[in-house]
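Colleague: First, the structure itself, so that you have it in front of you.
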Amino acid sequence: MTKPILEVKDLYTIFHTPKGDVSAIEGVSFSINEGEILGVIGESGSGKSVTSLSIMRLLKKGKTTIKPESKILFEGKDLLKLSDSEIRKIRGKEISMIFQDPLTSLNPVYTIGKQIREVLQLHRGLGPKEIDEEMINILKLVGISSPEKRVNQYPHQLSGGMRQRVMIAMALSCHPKLLIADEPTTALDVTIQAQILELIKELRSKLNVSILLITHDMGVIADMADKVAVMYSGKIVESGPVEEIFKDPKHPYTMGLLQSIPRLDLDEKRLNTIGGAIPNPKSRPLGCNFAPRCPHAMEKCKTVEPPLTTFADGRSASCWLHESDSINVSQNQTAGIGGI
Amino acid sequence: GCSSNKPVENVSSNSSEPSGEAETPTTNGGEIIFGTVTETPSLDPFLEAADERSRRTVLMYEGLTWVDEKMQVQPRLAGKWEISEDGKVYTFTLRDDVYFHNGAKMTAEDVKYSYELFLDESFGTGGAGDFTAVDSIEIVDDTTVKFTLKTPYASLLAALGGRYGAVVPKGTYDNGDLKNEAVGTGPFKLVKWTPNNSMVLEKFDQYWSDERGFLDKITIQIVPDENSLLAGIRSGQIDAALLTDSKFYTMIKDNPKLNVERHPALRWTTLDFANNVEPFNDPRVRQAILKGIDKEEVMIAATDGVGSVIGAMPPAFSDWVVPVSGLENQTRDVEGAKKLLAEAGYADGFNMPLRIISSFAWMRPAAEVIASNLSEIGITVDIETVDLGVWIKDWSNYNSPNTFNEWGGFTDPDLLYYRHFRAKPEGGDWRRWNNEEGSKLLDQARVETQQEARQEIYNSFQHLMATEVPSIPLFSPDSIVVSQKHVIDYIHHPSGWWYGLTCAKVQK
Amino acid sequence: MGVYVVKRILSMIPTIIGVSLLVFLLMELIPGSVVEQMLGIEGNNPEAQKKLEEFFGLNEPFYVQYWNWISGVIVGDLGVSWRSGDPILPTLLNAFIITGEMAVFAVIVSVIIGMPFGILAALKPYGIIDNILRVLSLAGVSIPVFFQGTLLILIFSLFFPWAPPVVYQYPWESLSQNLQIMILPAIALGIASSAVVMRMTRSSLLETLGQDFIRTARSKGITETAVIFGHALKNIWISVITAIGLEMGQILGGVVVVEVVFSLPGVGQLIFNSLVQRDFPIVIGGILFVTIIVLIINTMIDLIYKFVDPRIRYD
Amino acid sequence: MLEVELNKSKRIENKKSMIPNWLRTLIKHKTLVVGSFFIFIFFIFTLFPTLFFAKDITIQTNSTLRMLAPSLEHPFGTDHIGRDILSRVIWGTRVSLGISVGAMMLAMIVGGTLGLISGYFGGILDNVIGRIIDVLYSFPSQILGIFIAGILGPSVKNVIIAIAIVFIPVFYRTMRGSVVKEKEREYVEAARSLGMNDTYIMFVHVLRNSIVPVTVQFTVGLAVAIQLEAALGFLGLGVQPPAASWGSILNDGIDYLLFAPWISILPGLFMVLAVFSFNLIGDGLRDLLDPHSEK
Amino acid sequence: MELQQTLIEVKNLTKYFPIKGGLLSRTRGWVKSVDQVSFTIKKGESLGVVGESGCGKSTLGRTLLRLLQPTNGEVYYDGKNIFDLSKDEIRKLRRKMQMIFQDPYSSLNPRMKIGTILEEPLRLYNLGTPEERKKRINDLMEIVGLDSEYLKRFPHELSGGQRQRIGIARALLLNPEFIVCDEAVSALDVSIQSQIINLLQDLQEKFNLTYFFIAHDLSVVKHISDRIAVMYLGEIVELTDKKTLFEQPLHPYTESLLSAIPIANPSIQRNRKRIVLKGDVPNPDNPPSGCRFHTRCPYSQDICRSEKPQFHNINEGNMEESEHFVACHFAKELNLDGIKN
Ligand SMILES: Nc1ncnc2c1ncn2[C@@H]1O[C@H](COP(=O)(O)OP(=O)(O)OP(=O)(O)O)[C@@H](O)[C@H]1O
Ligand SMILES: Nc1ncnc2c1ncn2[C@@H]1O[C@H](COP(=O)(O)OP(=O)(O)OP(=O)(O)O)[C@@H](O)[C@H]1O
Ligand SMILES: [Mg+2]
Ligand SMILES: [Mg+2]
């Protein structure tokens with residue numbers, strides 16, 4: 001077994017807004033092993049991006065609180081306990097990130113060369129000549145033709161796919177151990193998405209980097225991920241190896257999700273739907289967040305939050321339906337506390 | 001010569017000290033920076049009507065005569081003259097020691113040339129009106145010139161040395177003009193002129209008299225406004241200036257570093273009626289309005305108290321003036337005014353338009369006071385502010401409604417009254433008064449060469465003004481002369497022209 | 001680029017023609033003319049009036065007058081003042097040196113005050129400092145410059161025995177006097193403009209700091225200072241330069257009162273006085289001059305964009 | 001400074017009970033509240049001047065009461081011809097605000113309509129109107145105001161027109177910018193696909209959504225209009241005496257600044273307060289409507 | 001194969017947008033958004049359109065409804081060329097042709113209450129008394145599955161899915177026959193998306209609607225359409241019924257599109273061969289010569305560069321097989337992969 005490179009334990013993230021506190025993440029726990037791709041999937045607003053920003057500690061200090069019991073262990077270090085300068089040494093070097101929209105994520109007034117050079121300078125302390133060499137190498141690696149010319153261009157002069165390649169080059173330039181990719185292909189056309197996904201796969205095997213891949217596209221998950229975590233309204237409701245989840249989803253939300261997408265490989269007459277909509281994080285229902293939309297909801301679901309049930313093969317789900325299926329959960333576990 | 005002219009503050013009786021040198025030890029020479037706010041458009045002594053021009057050209061040009069600061073005609077380029085019995089022929093004997101700034105000697109030819117410019121209609125000088133009585137000008141000999149008139153004209157002597165009185169070399173206008181240069185006979189000659197900035201004059205060495213022209217150099221410095229002028233004087237950047245805004249008097253009169261003097265001025269302000277417009281065509285209405293106005297309050301509001309209330313003539317005309325107390329209708333009488341209005345059929349009052357000119361600062365407060373005064377006799381004053389250009393246009397086209405007016409600078413009662421109050425076509429009569437009695441008086445005075453008789457006629461005219469009220473003279477703002485303590489003998493002239501600089505000296 | 005500059009300059013022409021036509025039209029409509037003023041009340045003389053009108057070409061129809069004038073302008077001849085007979089271009093240039101100097105000083109003051117405070121405010125948005133600065137800047141834009149000028153003059157004459165020189169001195173005549181004259185107007189105008197610059201700096205810095213590429217920069221491990229001064233600031237220059245340009249235009253659009261208050265013989269006073277005196281050629285020449293200057297400033301700002309913001313392409 | 005930028009959608013998140021939300025918004029936008037409070041007072045002055053310290057007659061001059069310093073009797077002192085300044089300032093509120101509001105309305109209607117048409121139809125029409133507006137816009141604003149006031153002659157009505165003309169380009173640009181953005185939104189297309197004609201869409205759909213930045217411009221414009229009116233008054237082109245506006249009172253006192261500073265300073269501060277209040281409101285509105293604001 | 005009546009016939013429809021620039025904003029070029037497109041839509045069917053961003057899908061849809069004036073070509077609706085109709089006639093026709101938009105946030109006027117938005121068209125066409133209108137609106141709200149309480153709300157007070165239902169209700173108000181759905185579900189979350197897809201399908205059945213269904217998501221299009229048109233750079237490159245298209249695509253672009261879409265089933269997806277296209281979609285203002293796809297086509301030959309392939313029915317004259325239009329020089333030669341179940 002490879003050891004986990006990142007472990008998130010009981011992450012609670014709260015936004016302080018003028019209209020009151022919004023608790024965006026409510027007890028998220030997961031881990032990523034070396035060289036593994038963890039896919040996080042969930043509908044809009046379920047907390048995927050906030051999770052990733054919490055890991056990078058990129059949320060505004062005064063405006064957000066991460067509960068003190070939360071832990072984000074990166075190679076055993078708790079990122080939440082690091083000082084600002086310590087976390088900066090990790091950002092971009094040990095953990096780096098790529099974002100959904102490659103146009104707005106690149107500084108429009110600097111050449112891409114300058115933006116890549118900046119990371120190399122900061123974290124690898126190379127001389128100017130070495131930096132230039134390294135930069136060209138990386139750009140070649142991500143499949144950019146004639147990189148010598150490109151480095152002097154500005155982001156707007158590149159196409160969308162190319163920009164995302166630049167983002168990836170920038171992210172990987174210091175050989176990070178973990179790459180967080182927040183919907184890296186959502187803004188791209190399918191043909192370009194295919195290019196980028198192929199590139200990520202290729203680089204993963206070349207560089208042995210672990211990836212936290214955030215997406216809302218089941219197809220992308222199916223294509224890329226080794227493990228999947230399904231998020232719903234600030235919580236991970238189900239997680240496990242990708243094949244298992246697709247074959248045999250445990251949580252009704254995962255089931256619903258899988259059944260509600262039209263499939264290229266199937267000929268469904270009618271789609272299954274999940275009724276209703278995702279709850280507002282300011283007024284989540286009592287009990288299970290999904291209960292109001294759940295076709296299997298019981299009385300209990302509406303009042304008591306289901307615990308995380310762990311199954312064999314590293315699978316887990318938090319749903320009362322599986323209360324009895326649990327293999328190693330202590331019987332008197334109290335509601336509301338999840339854990340791996 | 002340079003006689004001293006006592007300021008208003010200490011005018012005792014009619015002080016007629018003989019002209020003479022100042023008693024304090026002075027040295028000839030020295031420089032003065034004289035500050036002023038307005039620039040002259042050009043320097044042409046014949047073609048430029050602006051008062052700004054006259055202020056400056058009295059330093060560079062001279063006429064046959066001049067009117068001194070006590071409003072008496074004195075000889076200048078003409079050493080003396082004779083008037084024929086019928087008052088139609090004036091024979092002038094010229095000085096023979098006069099040189100132009102270009103070095104040429106002045107002759108009778110030059111005098112004839114200069115004054116004939118007024119007789120040439122195509123030349124287009126604004127001074128032509130003062131010389132309409134002149135029939136011909138002849139040279140008797142090198143130093144004698146004879147003016148023959150169509151009718152007797154008592155103010156010819158004043159006109160010769162007035163606003164347009166200047167002698168220039170013969171043929172000056174044949175190939176050029178005097179817009180930007182000056183070739184006169186005056187005590188100072190133009191050295192350098194940077195319009196809107198400064199004008200530098202220097203002493204003219206060949207000047208014929210040693211009673212004038214003591215300074216080596218005069219710099220006329222244009223400053224943006226009177227505030228700056230004041231600031232400049234206070235900080236010593238400017239040696240002397242003539243302020244027109246009387247408010248400043250209060251501010252600096254006690255400044256120990258400065259000489260500050262108030263002088264009665266030739267300028268006066270009037271409320272002019274459109275005398276042919278209802279209800280102002282009724283003398284009773286005009287009288288009522290005159291009775292309704294508190295001239296003192298108007299004067300205080302407009303000049304901050306630095307001026308004098310007037311009856312029918314500016315105070316600087318000293319001997320000619322019938323004092324306010326001697327004129328009819330001059331004290332405020334609200335009841336009397338109401339009665340008059342009622343008699344005229346306007347017991348309920350009416351709306352009275354009153355035009356003011358935006359660039360004349362005094363008009364607004366004065367109008368507001370008058371509006372306030374007249375509201376008590378039932379008249380609502382509708383104040384209308386117009387631009388000077390609009391005002392002039394309507395005025396000269398006889399279209400102006402009741403309006404404020406400020407005018408003056410005339411050095412003789414005839415010049416003062418005739419054009420304004422003589423019915424058309426002889427006079428201008430812009431107020432459309434068209435009064436027979438008035439016109440008759442003015443005609444009589446014009447041909448009367450006897451001083452007492454003239455005085456008598458003008459007295460009657462002033463009484464007529466007070467009862468008929470074609471126009472309400474309000475007040476005359478005092479001129480304020482400010483100078484550094486080291487500037488002495490600046491003798492203010494009521495016209496506001498800078499004759500004073502020809503007398504001024506610098507004390508070391 | 002060169003082509004672009006030429007095109008930009010050419011595109012100013014219709015506006016310039018429009019402005020000149022408009023001034024001509026307005027001058028035509030405005031009652032009273034120089035002729036009456038020059039003739040004064042003695043001017044009830046149709047002969048002389050006609051002569052003067054002919055002399056100035058006022059008897060010609062509107063379009064002929066316009067044509068005569070514009071054909072002179074094309075060869076750089078703005079005509080001569082009707083009152084003084086001086087050629088207009090040098091007169092305007094002399095006056096504009098003063099106005100221009102004032103505007104430049106004001107802008108310098110405004111940037112020196114406005115930018116640092118704007119940055120300071122944006123660092124902690126809606127914090128105490130920000131709120132104080134916001135209210136102060138609002139107060140700054142709320143005091144009309146002429147009133148501010150009046151207060152400054154009052155304060156100085158009450159509490160300091162110091163008064164600026166009364167006569168304008170060009171910098172090359174006497175630099176120290178020139179600076180003394182300029183200091184009050186520069187402060188009055190600068191304070192008003194600094195509020196605008198500050199607000200612009202603050203809001204665009206805030207907006208920039210909320211953008212994705214800032215998150216990217218932070219995720220690279222760059223220090224916060226470097227993020228703000230390296231990444232964010234370069235992006236806001238555009239807005240700041242725009243603000244400065246607009247302020248320049250604003251200042252030039254409002255020079256009349258300022259120059260009256262501070263007794264500066266600049267273009268504003270010149271135009272205003274000439275307008276009062278109906279000295280047509282100076283008014284129209286002056287307005288055209290100011291318009292062209294404003295347009296040139298706008299064009300220059302446009303061109304500066306090119307250097308600051310590579311996103312704007314010229315083709 | 002004149003142009004207001006507003007952005008994109010004004011989504012306001014969930015909304016449950018009407019009143020608390022409304023109150024909460026107000027409390028949050030203190031500037032809006034403070035500004036509105038002062039403006040409310042100014043409008044009370046405008047409507048009922050005599051309710052306050054103002055005497056009925058403000059034209060009565062009195063040479064014995066000239067330039068009295070502020071006292072209980074005359075809280076703001078008296079002016080150069082003996083009138084109570086506080087009364088004049090309060091009466092002047094009516095004139096100054098009237099002029100500013102009138103001018104802004106006029107400018108908004110004319111400039112706004114032109115901007116709406118120009119932005120909605122685009123093409124040659126837009127080009128032509130745009131050019132004309134450009135010309136107005138490149139005119140130095142004070143000179144333009146002076147010109148117009150000069151042509152029309154000074155009076156309340158004409159000052160309104162003069163200020164309005166200065167502001168037409170501003171409203172034109174604000175409106176046009178906003179319309180150009182709005183008309184690209186899909187609801188316009190939706191309306192068209194339902195067979196609505198251009199005039200209807202323009203006035204019913206686009207206008208309704210483009211008007212917001214224009215209203216912000218309106219309040220900010222009021223602040224500038226008050227200043228412009230004062231500037232015109234300062235140059236003697238304002239209302240006709242003896243009526244008073246803040247600008248004209250201020251102008252009255254300028255000459256007496258050194259010995260009776262209260263004549264200018266107090267009305268000036270009054271004017272500044274009004275301008276400040278409108279700016280506060282404008283700022284608050286901008287904040288309220290700007291989705292970028294982090295509040 | 002039953003013969004359906006043709007509702008819409010599109011012939012050589014072309015729409016170019018001018019690229020303005022320069023001093024006098026002269027036209028300096030053209031964006032060839034839709035170029036010589038021809039097809040028919042039968043009554044009651046759903047014709048799906050897929051293609052990458054900027055390939056002209058929306059432009060085509062809007063031109064079909066005469067929301068844009070075409071540069072060239074005709075659109076016959078029930079035999080009448082809609083571009084020849086007078087203003088009045090087109091207004092009448094608008095009732096039969098409606099549109100549902102992509103962005104539920106911007107397709108509803110944010111300052112109008114839902115009730116007003118829905119009443120407006122009825123009022124405009126002077127349909128019914130106020131009570132009847134009210135009833136009609138309430139009925140429709142029920143049909144799209146919303147409580148009539150929402151009528152009093154503003155659009156921003158609704159969720160995206162609810163808003164999209166309002167958009168649908170509005171399109172249905174005037175009893176249309178034909179609806180263009182321009183990315184009607186693309187902006188929605190998957191769980192909401194499925195609700196809307198189902199609703200659209202139900203409505204089609206209930207009111208016998210004809211859909212022109214635009215989407216960039218092939219799986220959605222496949223789910224809802226009978227026939228599918230694949231667009232590339234302003235042109236339709238392939239058009240046939242969905243089964244054929246998915247199982248036996250004839251155009252290399254269709255093939256790569258199919259292969260690029262990840263299938264939400266790891267065991268299938270990980271065993272698929274993926275054709276990764278080179279480069280990006282070229283600019284529509286300067287499309288490549290010959291076959292527009294040749295710059296990215298893995299099978300391209302010399303002829304592709306120089307000669308434009310005909311868009312033709314490969315089964316022309318063959319009544320057994322359904323129509324299969326394609327524009328490729330090698331449609332018959334290449335043996336392309338589809339998706340096999
Ligand atoms: N700055 C913030 N202030 C307040 N609430 C926030 C903030 N950022 C995010 N949230 C809330 O946190 C929740 C989770 O947001 P997050 O961005 O993580 O969703 P997501 O899963 O990434 O969605 P998407 O797929 O749209 O990117 C949302 O309900 C959102 O409203
Ligand atoms: N009004 C317009 N003016 C100019 N060009 C336009 C206009 N509308 C669309 N285009 C251009 O036409 C091309 C096709 O646009 P269209 O919106 O039809 O694409 P689409 O297939 O709907 O794309 P998407 O999937 O992004 O909606 C694009 O290159 C676009 O830039
Ligand atoms: Mg996200
Ligand atoms: Mg589209």
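To be explicit about the labels: the chains of the structure tokens are called A, B, and onward in the order shown, and within each one the residues are counted from 1, while ligands get numbers from 1 in the order they are shown.
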With a cut-off of 10 Å, could you pull out the residues of chain A touching ligand 3 and give me the nearest pair of atoms for each, distance in Å to one decimal, using only C-alpha atoms and all ligand atoms, ordered by chain and ascending number, as JSON lines?
Modeller:
```
{"residue": "A:Gly42", "atom": "CA", "partner": "ligand 3", "partner_atom_place_in_ligand_line": "1 (Mg)", "distance": 9.6}
{"residue": "A:Glu43", "atom": "CA", "partner": "ligand 3", "partner_atom_place_in_ligand_line": "1 (Mg)", "distance": 9.2}
{"residue": "A:Ser44", "atom": "CA", "partner": "ligand 3", "partner_atom_place_in_ligand_line": "1 (Mg)", "distance": 6.8}
{"residue": "A:Gly45", "atom": "CA", "partner": "ligand 3", "partner_atom_place_in_ligand_line": "1 (Mg)", "distance": 7.0}
{"residue": "A:Ser46", "atom": "CA", "partner": "ligand 3", "partner_atom_place_in_ligand_line": "1 (Mg)", "distance": 8.3}
{"residue": "A:Gly47", "atom": "CA", "partner": "ligand 3", "partner_atom_place_in_ligand_line": "1 (Mg)", "distance": 7.1}
{"residue": "A:Lys48", "atom": "CA", "partner": "ligand 3", "partner_atom_place_in_ligand_line": "1 (Mg)", "distance": 5.6}
{"residue": "A:Ser49", "atom": "CA", "partner": "ligand 3", "partner_atom_place_in_ligand_line": "1 (Mg)", "distance": 4.1}
{"residue": "A:Val50", "atom": "CA", "partner": "ligand 3", "partner_atom_place_in_ligand_line": "1 (Mg)", "distance": 7.2}
{"residue": "A:Thr51", "atom": "CA", "partner": "ligand 3", "partner_atom_place_in_ligand_line": "1 (Mg)", "distance": 9.2}
{"residue": "A:Ser52", "atom": "CA", "partner": "ligand 3", "partner_atom_place_in_ligand_line": "1 (Mg)", "distance": 9.0}
{"residue": "A:Leu53", "atom": "CA", "partner": "ligand 3", "partner_atom_place_in_ligand_line": "1 (Mg)", "distance": 9.7}
{"residue": "A:Phe99", "atom": "CA", "partner": "ligand 3", "partner_atom_place_in_ligand_line": "1 (Mg)", "distance": 9.0}
{"residue": "A:Gln100", "atom": "CA", "partner": "ligand 3", "partner_atom_place_in_ligand_line": "1 (Mg)", "distance": 8.1}
{"residue": "A:Asp182", "atom": "CA", "partner": "ligand 3", "partner_atom_place_in_ligand_line": "1 (Mg)", "distance": 6.7}
{"residue": "A:Glu183", "atom": "CA", "partner": "ligand 3", "partner_atom_place_in_ligand_line": "1 (Mg)", "distance": 7.2}
{"residue": "A:Ile214", "atom": "CA", "partner": "ligand 3", "partner_atom_place_in_ligand_line": "1 (Mg)", "distance": 8.1}
{"residue": "A:Thr215", "atom": "CA", "partner": "ligand 3", "partner_atom_place_in_ligand_line": "1 (Mg)", "distance": 8.3}
{"residue": "A:His216", "atom": "CA", "partner": "ligand 3", "partner_atom_place_in_ligand_line": "1 (Mg)", "distance": 9.1}
```
Colleague: Write out as a ChimeraX atom specification the set of residues from stretch 94-277 of chain C that DSSP, computed on the backbone, places in helix (DSSP H, G or I).
Modeller: /C:94-123,128-142,145-159,175-209,212-219,224-253,255-261,267-276
Colleague: Compute the chain B side of the contact with chain C at 10 Å, counting only C-alpha atoms, and hand it back as an NGL selection string.
Modeller: :B and (39-43 or 48-50 or 121-127 or 129 or 179-180 or 195-197 or 221-235 or 237-238 or 358-359 or 386-398 or 419 or 428 or 430)
Colleague: Please identify all polymer residues within 6 Å of D:Ser100, counting only C-alpha atoms, omitting same-chain residues fewer than 4 positions from it, and present them as a list in words.
Modeller: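 Selected residues are Leu222, Ala225 and Ile226 of chain D.
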Colleague: I want to know what sits within 6 Å of stretch 34-36 of chain B, based on only C-alpha atoms, with residues of the same chain fewer than 3 positions away left out; could you give that as number ranges by chain?
Modeller: B: 219-222, 239-241
Colleague: Pick out the residues sitting within 8 Å of C:Leu89, and hand them over as number ranges by chain; count only C-alpha atoms, and ignore anything fewer than 2 positions along from it in its own chain.
Modeller: C: 77-79, 87, 91-93, 285
Colleague: Compute the chain C side of the contact with chain E at 8 Å, counting only C-alpha atoms, and hand it back as a PyMOL selection string.
Modeller: chain C and resi 7-8+10-11+315
Colleague: Go ahead and write the residues just picked, C-alpha atoms, as a CSV table (one decimal), in the first residue's frame.
Modeller:
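Produced file part18.csv, reproduced below:
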```
chain,number,residue,atom,x,y,z
C,7,LYS,CA,-5.8,56.8,-37.4
C,8,ARG,CA,-6.4,58.0,-33.9
C,10,LEU,CA,-7.4,61.5,-37.9
C,11,SER,CA,-10.4,60.4,-36.0
C,315,ASP,CA,-5.2,46.4,-35.8
```
Colleague: Identify which of the residues C:Ile292, C:Gly210, C:Ser137, C:Thr299 lies closest to ligand 1, counting only C-alpha atoms and all ligand atoms when measuring atom-to-atom distances.
Modeller: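 Going through C:Ile292, C:Gly210, C:Ser137, C:Thr299 one by one, the smallest distance to ligand 1 is for C:Gly210.
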Colleague: Could you pull out the residues sitting within 7 Å of ligand 2, using only C-alpha atoms and all ligand atoms, and write them as an MDAnalysis selection string?
Modeller: chainID E and resid 17:19 31:33 51:60 216 284
Colleague: What are the residues of chain E lining chain D at 6 Å or less? Count only C-alpha atoms, and put the answer as a list in words.
Modeller: Arg91, Arg94, Ser106, Ser107, Leu108, Asn109 and His156 of chain E
Colleague: Grab the residues selected above and save them as a PDB file, in the first residue's frame with C-alpha atoms.
Modeller:
```pdb
ATOM      1  CA  ARG E  91     -45.617  38.598 -36.119  1.00  0.00           C
ATOM      2  CA  ARG E  94     -43.920  34.145 -34.226  1.00  0.00           C
ATOM      3  CA  SER E 106     -30.458  36.565 -18.438  1.00  0.00           C
ATOM      4  CA  SER E 107     -33.373  35.297 -20.461  1.00  0.00           C
ATOM      5  CA  LEU E 108     -35.917  36.634 -18.008  1.00  0.00           C
ATOM      6  CA  ASN E 109     -36.203  40.355 -17.543  1.00  0.00           C
ATOM      7  CA  HIS E 156     -33.743  36.383  -9.025  1.00  0.00           C
TER       8      HIS E 156
END
```
Colleague: Using only C-alpha atoms, determine which residues of chain E fall within 8 Å of chain A; present them as a ChimeraX atom specification.
Modeller: /E:52-53,189-192,194-195,197-198,218-220,222-223,256-257,260-267,269-270,276-277,280,339-341
Colleague: Kindly provide, as a PyMOL selection string, the residues of chain B having any atom no farther than 9 Å from an atom of chain D, counting only C-alpha atoms.
Modeller: chain B and resi 227+247-248+251+296-298+300-302+304+358-359+364-373+375+382-387
Colleague: May I ask you to extract the residues of chain A within 6 Å of chain C, using only C-alpha atoms, and to give them as a ChimeraX atom specification?
Modeller: /A:88,91-92,104-107,109
Colleague: Looking at only C-alpha atoms, which of D:Val224, D:Ile161, D:Ile90, D:Leu72 is the one that sits closest to chain C?
Modeller: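 Checking each candidate against chain C, we get D:Val224 as the closest.
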Colleague: Give me the residues within 8 Å of B:Asn405 as an MDAnalysis selection string, counting only C-alpha atoms and dropping any in the same chain fewer than 6 places off.
Modeller: chainID B and resid 269:272
Colleague: Those residues with N, CA, C and O atoms, as a compact mmCIF listing (two decimals), in the first residue's frame please?
Modeller:
```txt
# COMPACT_ATOMS: atom_id res chain seq x y z
N THR B 269 -23.23 107.17 -11.18
CA THR B 269 -24.09 106.05 -11.52
C THR B 269 -25.53 106.56 -11.51
O THR B 269 -25.90 107.41 -10.71
N THR B 270 -26.28 106.05 -12.43
CA THR B 270 -27.66 106.51 -12.55
C THR B 270 -28.60 105.35 -12.76
O THR B 270 -28.18 104.28 -13.21
N LEU B 271 -29.84 105.59 -12.39
CA LEU B 271 -30.89 104.65 -12.77
C LEU B 271 -31.62 105.36 -13.91
O LEU B 271 -32.27 106.38 -13.70
N ASP B 272 -31.49 104.87 -15.10
CA ASP B 272 -32.05 105.54 -16.26
C ASP B 272 -33.39 104.93 -16.64
O ASP B 272 -33.51 103.71 -16.79
```
Colleague: From a DSSP pass on the backbone, collect the residues of stretch 234-312 of chain B flagged as strand (DSSP E) and hand them back as an mmCIF file with C-alpha atoms, in the first residue's frame.
Modeller:
```cif
data_model
loop_
_atom_site.group_PDB
_atom_site.id
_atom_site.type_symbol
_atom_site.label_atom_id
_atom_site.label_comp_id
_atom_site.auth_asym_id
_atom_site.auth_seq_id
_atom_site.Cartn_x
_atom_site.Cartn_y
_atom_site.Cartn_z
ATOM 1 C CA ALA B 240 0.961 102.774 -6.715
ATOM 2 C CA ALA B 241 -2.443 102.077 -8.114
ATOM 3 C CA LEU B 242 -5.867 103.474 -8.555
ATOM 4 C CA LEU B 243 -8.541 101.223 -7.182
ATOM 5 C CA LEU B 258 0.618 103.072 2.593
ATOM 6 C CA ASN B 259 -0.738 106.356 1.436
ATOM 7 C CA VAL B 260 -4.424 105.911 0.876
ATOM 8 C CA GLU B 261 -6.584 108.676 -0.490
ATOM 9 C CA ARG B 262 -10.203 108.967 -1.499
ATOM 10 C CA HIS B 263 -11.179 111.369 -4.238
ATOM 11 C CA TRP B 268 -21.493 108.703 -11.651
ATOM 12 C CA THR B 269 -24.095 106.048 -11.518
ATOM 13 C CA THR B 270 -27.661 106.512 -12.550
ATOM 14 C CA LEU B 271 -30.886 104.654 -12.774
ATOM 15 C CA ASP B 272 -32.052 105.539 -16.262
ATOM 16 C CA GLY B 307 -18.641 107.314 -2.313
ATOM 17 C CA SER B 308 -21.094 110.141 -2.171
ATOM 18 C CA VAL B 309 -24.747 110.457 -2.848
#
```
Colleague: Would you mind listing what lies within 9 Å of B:Gly408 as a list in words, with only C-alpha atoms counted and same-chain residues fewer than 3 positions away left out?
Modeller: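 The neighbour list is Ala265, Leu266, Arg267, Trp268, Thr269, Pro314, Thr411, Leu416 and Ser495 of chain B.
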Colleague: Can you measure atom CA of E:Gly29 to atom CA of E:Gly290 for me? One decimal in Å is fine.
Modeller: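 It comes out at 19.1 Å.
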